[in-house]
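Trainee: To start, I am sharing the structure in question, which I have written as structure tokens.
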Amino acid sequence: MQQGSLAPQPRPAAGRNKPANSRAGVRLHCQRVRWARYGRAVVLSCLIFGVDVSADAASVFVARRGWHIDVGFAVADLTAPLNVIAAKFPGSRYVFFGFGDRQYLHAAHRGAPILLRALWPGQGLVLATALGAAPTAAFGRDSVVELSISREALTKVQSFIWTALSPSQRGAFEGLGGERGIPGPYSGSLFLDSDTTYDAFHTCNTWAAEALHSGGLQIRSRGVIFAGQLWRQVRERAAPAPVGER
């Protein structure tokens, strides 16, 4: 046996032969820890200073009323100038807007002749309906869909509805004189004058689809004539949670 054959061999320096990916993993872990701490600090600061992280969230309600679709909002979410209409309904919590043929909506007897006449181009009319209860209580849970949108989108949809009113109707609400709508077919409703044309290819449901599309929602309005065509699109984009009672 050679001398020194059993002598202990020198150990390599700690970490000298560790793979590079091990050091990268340590750096990645440290970065994740720093970001997690930063995220907790942001959330904590929001809680301390009362910042509402969901301040941009809003809702638009879509109601199916048989062959007709309405678009509505919580009164608290109505923005100027459309919010002046809510003043006509003290104590209301929601206001819905629908579109229709002027002659048909004003007709005392809506028989076949009036229905056929509505297929030809004619002046439209906006019907505002105020609710004191939740939309689901008024129309039924299966007939209401709540769509979550941004505040900017909400303003655009409401602007579309406002501009659908005739200039004289808008002027009346802006204090320029004139009738601020006329009583609708039932309590809590109001007919509002409109210059928008109603016909067989631009119906109440076309108008409602255009209103939703104006807010950037992925809703197709072209070719929409019947309520079912719009309702299917709305249901596809509805939140999975049921509409809550407010």
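Letters for chains follow the order of the structure tokens (A, B, ...), residue numbers begin at 1 for each chain, and ligand numbers begin at 1 in the order shown.
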Determine, using only C-alpha atoms, which residues of region 51-77 of chain A have any atom at most 8 Å from an atom of region 83-98 of chain A, and tabulate each with its shortest atom pair and distance in Å to one decimal place, rows ordered by chain and then rising number, as JSON lines.
Mentor:
```
{"residue": "A:His68", "atom": "CA", "partner": "A:Gly98", "partner_atom": "CA", "distance": 8.0}
{"residue": "A:Ile69", "atom": "CA", "partner": "A:Gly98", "partner_atom": "CA", "distance": 6.8}
{"residue": "A:Asp70", "atom": "CA", "partner": "A:Gly98", "partner_atom": "CA", "distance": 4.7}
{"residue": "A:Val71", "atom": "CA", "partner": "A:Phe97", "partner_atom": "CA", "distance": 5.3}
{"residue": "A:Gly72", "atom": "CA", "partner": "A:Phe96", "partner_atom": "CA", "distance": 3.8}
{"residue": "A:Phe73", "atom": "CA", "partner": "A:Tyr94", "partner_atom": "CA", "distance": 5.6}
{"residue": "A:Ala74", "atom": "CA", "partner": "A:Tyr94", "partner_atom": "CA", "distance": 4.3}
{"residue": "A:Val75", "atom": "CA", "partner": "A:Tyr94", "partner_atom": "CA", "distance": 5.0}
{"residue": "A:Ala76", "atom": "CA", "partner": "A:Arg93", "partner_atom": "CA", "distance": 7.6}
```
Trainee: Identify, on the basis of only C-alpha atoms, every residue whose closest approach to Glu174 (chain A) does not exceed 9 Å; exclude the query and any residue fewer than 4 positions from it along the same chain; express the result as an NGL selection string.
Mentor: :A and (81 or 84 or 169-170)
Trainee: Please dump the current selection as a PDB file, in the first residue's frame; keep C-alpha atoms.
Mentor:
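Output file selection.pdb follows:
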```pdb
ATOM      1  CA  PRO A  81     -78.094  64.010 -19.448  1.00  0.00           C
ATOM      2  CA  VAL A  84     -83.003  63.877 -15.940  1.00  0.00           C
ATOM      3  CA  GLN A 169     -87.728  66.095 -26.678  1.00  0.00           C
ATOM      4  CA  ARG A 170     -84.168  66.553 -25.455  1.00  0.00           C
TER       5      ARG A 170
END
```
Trainee: What lies within 7 Å of region 189-202 of chain A using only C-alpha atoms, ignoring chain neighbours under 6 positions off, as a ChimeraX atom specification?
Mentor: /A:100-101,118-130,164-166,169,181-183,225
Trainee: I need the chosen residues saved as a PDB file, in the first residue's frame, with N, CA and C atoms.
Mentor:
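Now in result14.pdb:
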```pdb
ATOM      1  N   GLY A 100     -90.208  51.506 -30.199  1.00  0.00           N
ATOM      2  CA  GLY A 100     -91.325  50.935 -30.931  1.00  0.00           C
ATOM      3  C   GLY A 100     -91.858  51.881 -31.980  1.00  0.00           C
ATOM      4  N   ASP A 101     -92.841  51.405 -32.735  1.00  0.00           N
ATOM      5  CA  ASP A 101     -93.485  52.212 -33.758  1.00  0.00           C
ATOM      6  C   ASP A 101     -94.475  53.178 -33.102  1.00  0.00           C
ATOM      7  N   ALA A 118     -97.090  49.006 -39.282  1.00  0.00           N
ATOM      8  CA  ALA A 118     -95.811  49.192 -38.588  1.00  0.00           C
ATOM      9  C   ALA A 118     -94.638  48.602 -39.366  1.00  0.00           C
ATOM     10  N   LEU A 119     -94.928  47.729 -40.324  1.00  0.00           N
ATOM     11  CA  LEU A 119     -93.858  47.146 -41.130  1.00  0.00           C
ATOM     12  C   LEU A 119     -93.255  48.158 -42.095  1.00  0.00           C
ATOM     13  N   TRP A 120     -94.000  49.201 -42.416  1.00  0.00           N
ATOM     14  CA  TRP A 120     -93.502  50.238 -43.306  1.00  0.00           C
ATOM     15  C   TRP A 120     -92.768  51.293 -42.484  1.00  0.00           C
ATOM     16  N   PRO A 121     -91.775  51.963 -43.089  1.00  0.00           N
ATOM     17  CA  PRO A 121     -91.006  52.962 -42.333  1.00  0.00           C
ATOM     18  C   PRO A 121     -91.903  54.046 -41.746  1.00  0.00           C
ATOM     19  N   GLY A 122     -91.698  54.305 -40.478  1.00  0.00           N
ATOM     20  CA  GLY A 122     -92.464  55.337 -39.783  1.00  0.00           C
ATOM     21  C   GLY A 122     -91.687  55.831 -38.583  1.00  0.00           C
ATOM     22  N   GLN A 123     -92.178  56.881 -37.971  1.00  0.00           N
ATOM     23  CA  GLN A 123     -91.480  57.482 -36.839  1.00  0.00           C
ATOM     24  C   GLN A 123     -91.584  56.579 -35.611  1.00  0.00           C
ATOM     25  N   GLY A 124     -90.480  56.468 -34.911  1.00  0.00           N
ATOM     26  CA  GLY A 124     -90.440  55.632 -33.722  1.00  0.00           C
ATOM     27  C   GLY A 124     -90.752  56.410 -32.463  1.00  0.00           C
ATOM     28  N   LEU A 125     -90.732  55.678 -31.353  1.00  0.00           N
ATOM     29  CA  LEU A 125     -91.044  56.250 -30.047  1.00  0.00           C
ATOM     30  C   LEU A 125     -90.259  55.460 -28.996  1.00  0.00           C
ATOM     31  N   VAL A 126     -89.742  56.148 -27.990  1.00  0.00           N
ATOM     32  CA  VAL A 126     -89.032  55.489 -26.894  1.00  0.00           C
ATOM     33  C   VAL A 126     -89.973  55.420 -25.689  1.00  0.00           C
ATOM     34  N   LEU A 127     -90.058  54.238 -25.104  1.00  0.00           N
ATOM     35  CA  LEU A 127     -90.879  54.048 -23.911  1.00  0.00           C
ATOM     36  C   LEU A 127     -89.961  53.840 -22.711  1.00  0.00           C
ATOM     37  N   ALA A 128     -90.068  54.726 -21.728  1.00  0.00           N
ATOM     38  CA  ALA A 128     -89.309  54.600 -20.478  1.00  0.00           C
ATOM     39  C   ALA A 128     -90.207  53.971 -19.421  1.00  0.00           C
ATOM     40  N   THR A 129     -89.673  52.953 -18.735  1.00  0.00           N
ATOM     41  CA  THR A 129     -90.428  52.244 -17.696  1.00  0.00           C
ATOM     42  C   THR A 129     -89.635  52.286 -16.399  1.00  0.00           C
ATOM     43  N   ALA A 130     -90.227  52.824 -15.347  1.00  0.00           N
ATOM     44  CA  ALA A 130     -89.564  52.920 -14.047  1.00  0.00           C
ATOM     45  C   ALA A 130     -89.989  51.764 -13.158  1.00  0.00           C
ATOM     46  N   ALA A 164     -81.227  59.149 -29.316  1.00  0.00           N
ATOM     47  CA  ALA A 164     -82.359  58.587 -30.052  1.00  0.00           C
ATOM     48  C   ALA A 164     -83.607  59.440 -29.866  1.00  0.00           C
ATOM     49  N   LEU A 165     -83.631  60.278 -28.834  1.00  0.00           N
ATOM     50  CA  LEU A 165     -84.759  61.180 -28.626  1.00  0.00           C
ATOM     51  C   LEU A 165     -84.682  62.327 -29.636  1.00  0.00           C
ATOM     52  N   SER A 166     -85.827  62.853 -29.996  1.00  0.00           N
ATOM     53  CA  SER A 166     -85.860  63.972 -30.936  1.00  0.00           C
ATOM     54  C   SER A 166     -85.233  65.206 -30.289  1.00  0.00           C
ATOM     55  N   GLN A 169     -87.535  66.831 -27.920  1.00  0.00           N
ATOM     56  CA  GLN A 169     -87.728  66.095 -26.678  1.00  0.00           C
ATOM     57  C   GLN A 169     -86.544  66.298 -25.742  1.00  0.00           C
ATOM     58  N   GLY A 181     -92.301  64.384 -22.286  1.00  0.00           N
ATOM     59  CA  GLY A 181     -92.898  63.076 -22.453  1.00  0.00           C
ATOM     60  C   GLY A 181     -94.377  63.101 -22.123  1.00  0.00           C
ATOM     61  N   ILE A 182     -95.064  62.034 -22.500  1.00  0.00           N
ATOM     62  CA  ILE A 182     -96.478  61.889 -22.184  1.00  0.00           C
ATOM     63  C   ILE A 182     -96.666  60.549 -21.481  1.00  0.00           C
ATOM     64  N   PRO A 183     -97.688  60.420 -20.636  1.00  0.00           N
ATOM     65  CA  PRO A 183     -97.873  59.176 -19.884  1.00  0.00           C
ATOM     66  C   PRO A 183     -97.943  57.954 -20.794  1.00  0.00           C
ATOM     67  N   ILE A 225     -83.904  41.191 -35.871  1.00  0.00           N
ATOM     68  CA  ILE A 225     -85.284  41.657 -36.029  1.00  0.00           C
ATOM     69  C   ILE A 225     -86.141  41.190 -34.862  1.00  0.00           C
TER      70      ILE A 225
END
```
Trainee: Going by DSSP on the backbone, which residues of region 118-216 of chain A come out as alpha helix (DSSP H)? List them as a PyMOL selection string.
Mentor: chain A and resi 118+135-139+151-164+167-173+204-214
Trainee: Take the residues from that selection and put them in a file with C-alpha atoms, as a PDB file, in the first residue's frame.
Mentor:
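What follows is the written file out37.pdb:
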```pdb
ATOM      1  CA  ALA A 118     -95.811  49.192 -38.588  1.00  0.00           C
ATOM      2  CA  PRO A 135     -85.805  43.885 -12.472  1.00  0.00           C
ATOM      3  CA  THR A 136     -86.121  40.181 -11.707  1.00  0.00           C
ATOM      4  CA  ALA A 137     -89.126  40.882  -9.509  1.00  0.00           C
ATOM      5  CA  ALA A 138     -90.789  42.910 -12.253  1.00  0.00           C
ATOM      6  CA  PHE A 139     -90.048  40.771 -15.310  1.00  0.00           C
ATOM      7  CA  ARG A 151     -68.306  53.082 -16.627  1.00  0.00           C
ATOM      8  CA  GLU A 152     -67.124  54.383 -19.988  1.00  0.00           C
ATOM      9  CA  ALA A 153     -69.210  51.767 -21.818  1.00  0.00           C
ATOM     10  CA  LEU A 154     -72.194  52.573 -19.605  1.00  0.00           C
ATOM     11  CA  THR A 155     -71.984  56.241 -20.602  1.00  0.00           C
ATOM     12  CA  LYS A 156     -71.865  55.323 -24.299  1.00  0.00           C
ATOM     13  CA  VAL A 157     -74.986  53.155 -24.087  1.00  0.00           C
ATOM     14  CA  GLN A 158     -76.853  55.906 -22.260  1.00  0.00           C
ATOM     15  CA  SER A 159     -75.650  58.469 -24.792  1.00  0.00           C
ATOM     16  CA  PHE A 160     -77.069  56.306 -27.593  1.00  0.00           C
ATOM     17  CA  ILE A 161     -80.473  56.287 -25.895  1.00  0.00           C
ATOM     18  CA  TRP A 162     -80.392  60.030 -25.259  1.00  0.00           C
ATOM     19  CA  THR A 163     -79.539  60.864 -28.880  1.00  0.00           C
ATOM     20  CA  ALA A 164     -82.359  58.587 -30.052  1.00  0.00           C
ATOM     21  CA  PRO A 167     -84.117  67.341 -30.534  1.00  0.00           C
ATOM     22  CA  SER A 168     -87.350  68.877 -29.249  1.00  0.00           C
ATOM     23  CA  GLN A 169     -87.728  66.095 -26.678  1.00  0.00           C
ATOM     24  CA  ARG A 170     -84.168  66.553 -25.455  1.00  0.00           C
ATOM     25  CA  GLY A 171     -84.709  70.304 -25.353  1.00  0.00           C
ATOM     26  CA  ALA A 172     -87.779  69.873 -23.162  1.00  0.00           C
ATOM     27  CA  PHE A 173     -85.756  67.982 -20.560  1.00  0.00           C
ATOM     28  CA  CYS A 204     -87.424  47.412 -31.219  1.00  0.00           C
ATOM     29  CA  ASN A 205     -84.925  44.560 -30.982  1.00  0.00           C
ATOM     30  CA  THR A 206     -82.618  46.034 -33.634  1.00  0.00           C
ATOM     31  CA  TRP A 207     -82.584  49.265 -31.646  1.00  0.00           C
ATOM     32  CA  ALA A 208     -81.799  47.480 -28.360  1.00  0.00           C
ATOM     33  CA  ALA A 209     -78.949  45.576 -30.041  1.00  0.00           C
ATOM     34  CA  GLU A 210     -77.555  48.858 -31.406  1.00  0.00           C
ATOM     35  CA  ALA A 211     -77.698  50.380 -27.935  1.00  0.00           C
ATOM     36  CA  LEU A 212     -75.675  47.522 -26.435  1.00  0.00           C
ATOM     37  CA  HIS A 213     -73.248  47.511 -29.361  1.00  0.00           C
ATOM     38  CA  SER A 214     -72.627  51.246 -28.912  1.00  0.00           C
TER      39      SER A 214
END
```
Trainee: May I ask for the distance between CA of Ser59 (chain A) and CA of Ser150 (chain A), given in Å to one decimal place?
Mentor: 7.9 Å
Trainee: Can you measure CA of Trp67 (chain A) to CA of Arg237 (chain A) for me? One decimal in Å is fine.
Mentor: 20.0 Å
Trainee: Please measure the separation of CA of Ile219 (chain A) and CA of Gly140 (chain A), giving the value in Å to one decimal.
Mentor: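 Taking CA of Ile219 (chain A) and CA of Gly140 (chain A), their separation equals 22.8 Å.
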Trainee: Among region 69-214 of chain A, which residues does DSSP mark as strand (DSSP E) when it is run on the backbone? Keep the chain and numbering as in the structure and answer as number ranges by chain.
Mentor: A: 69-74, 94-101, 122-131, 144-150, 182-183, 189-198
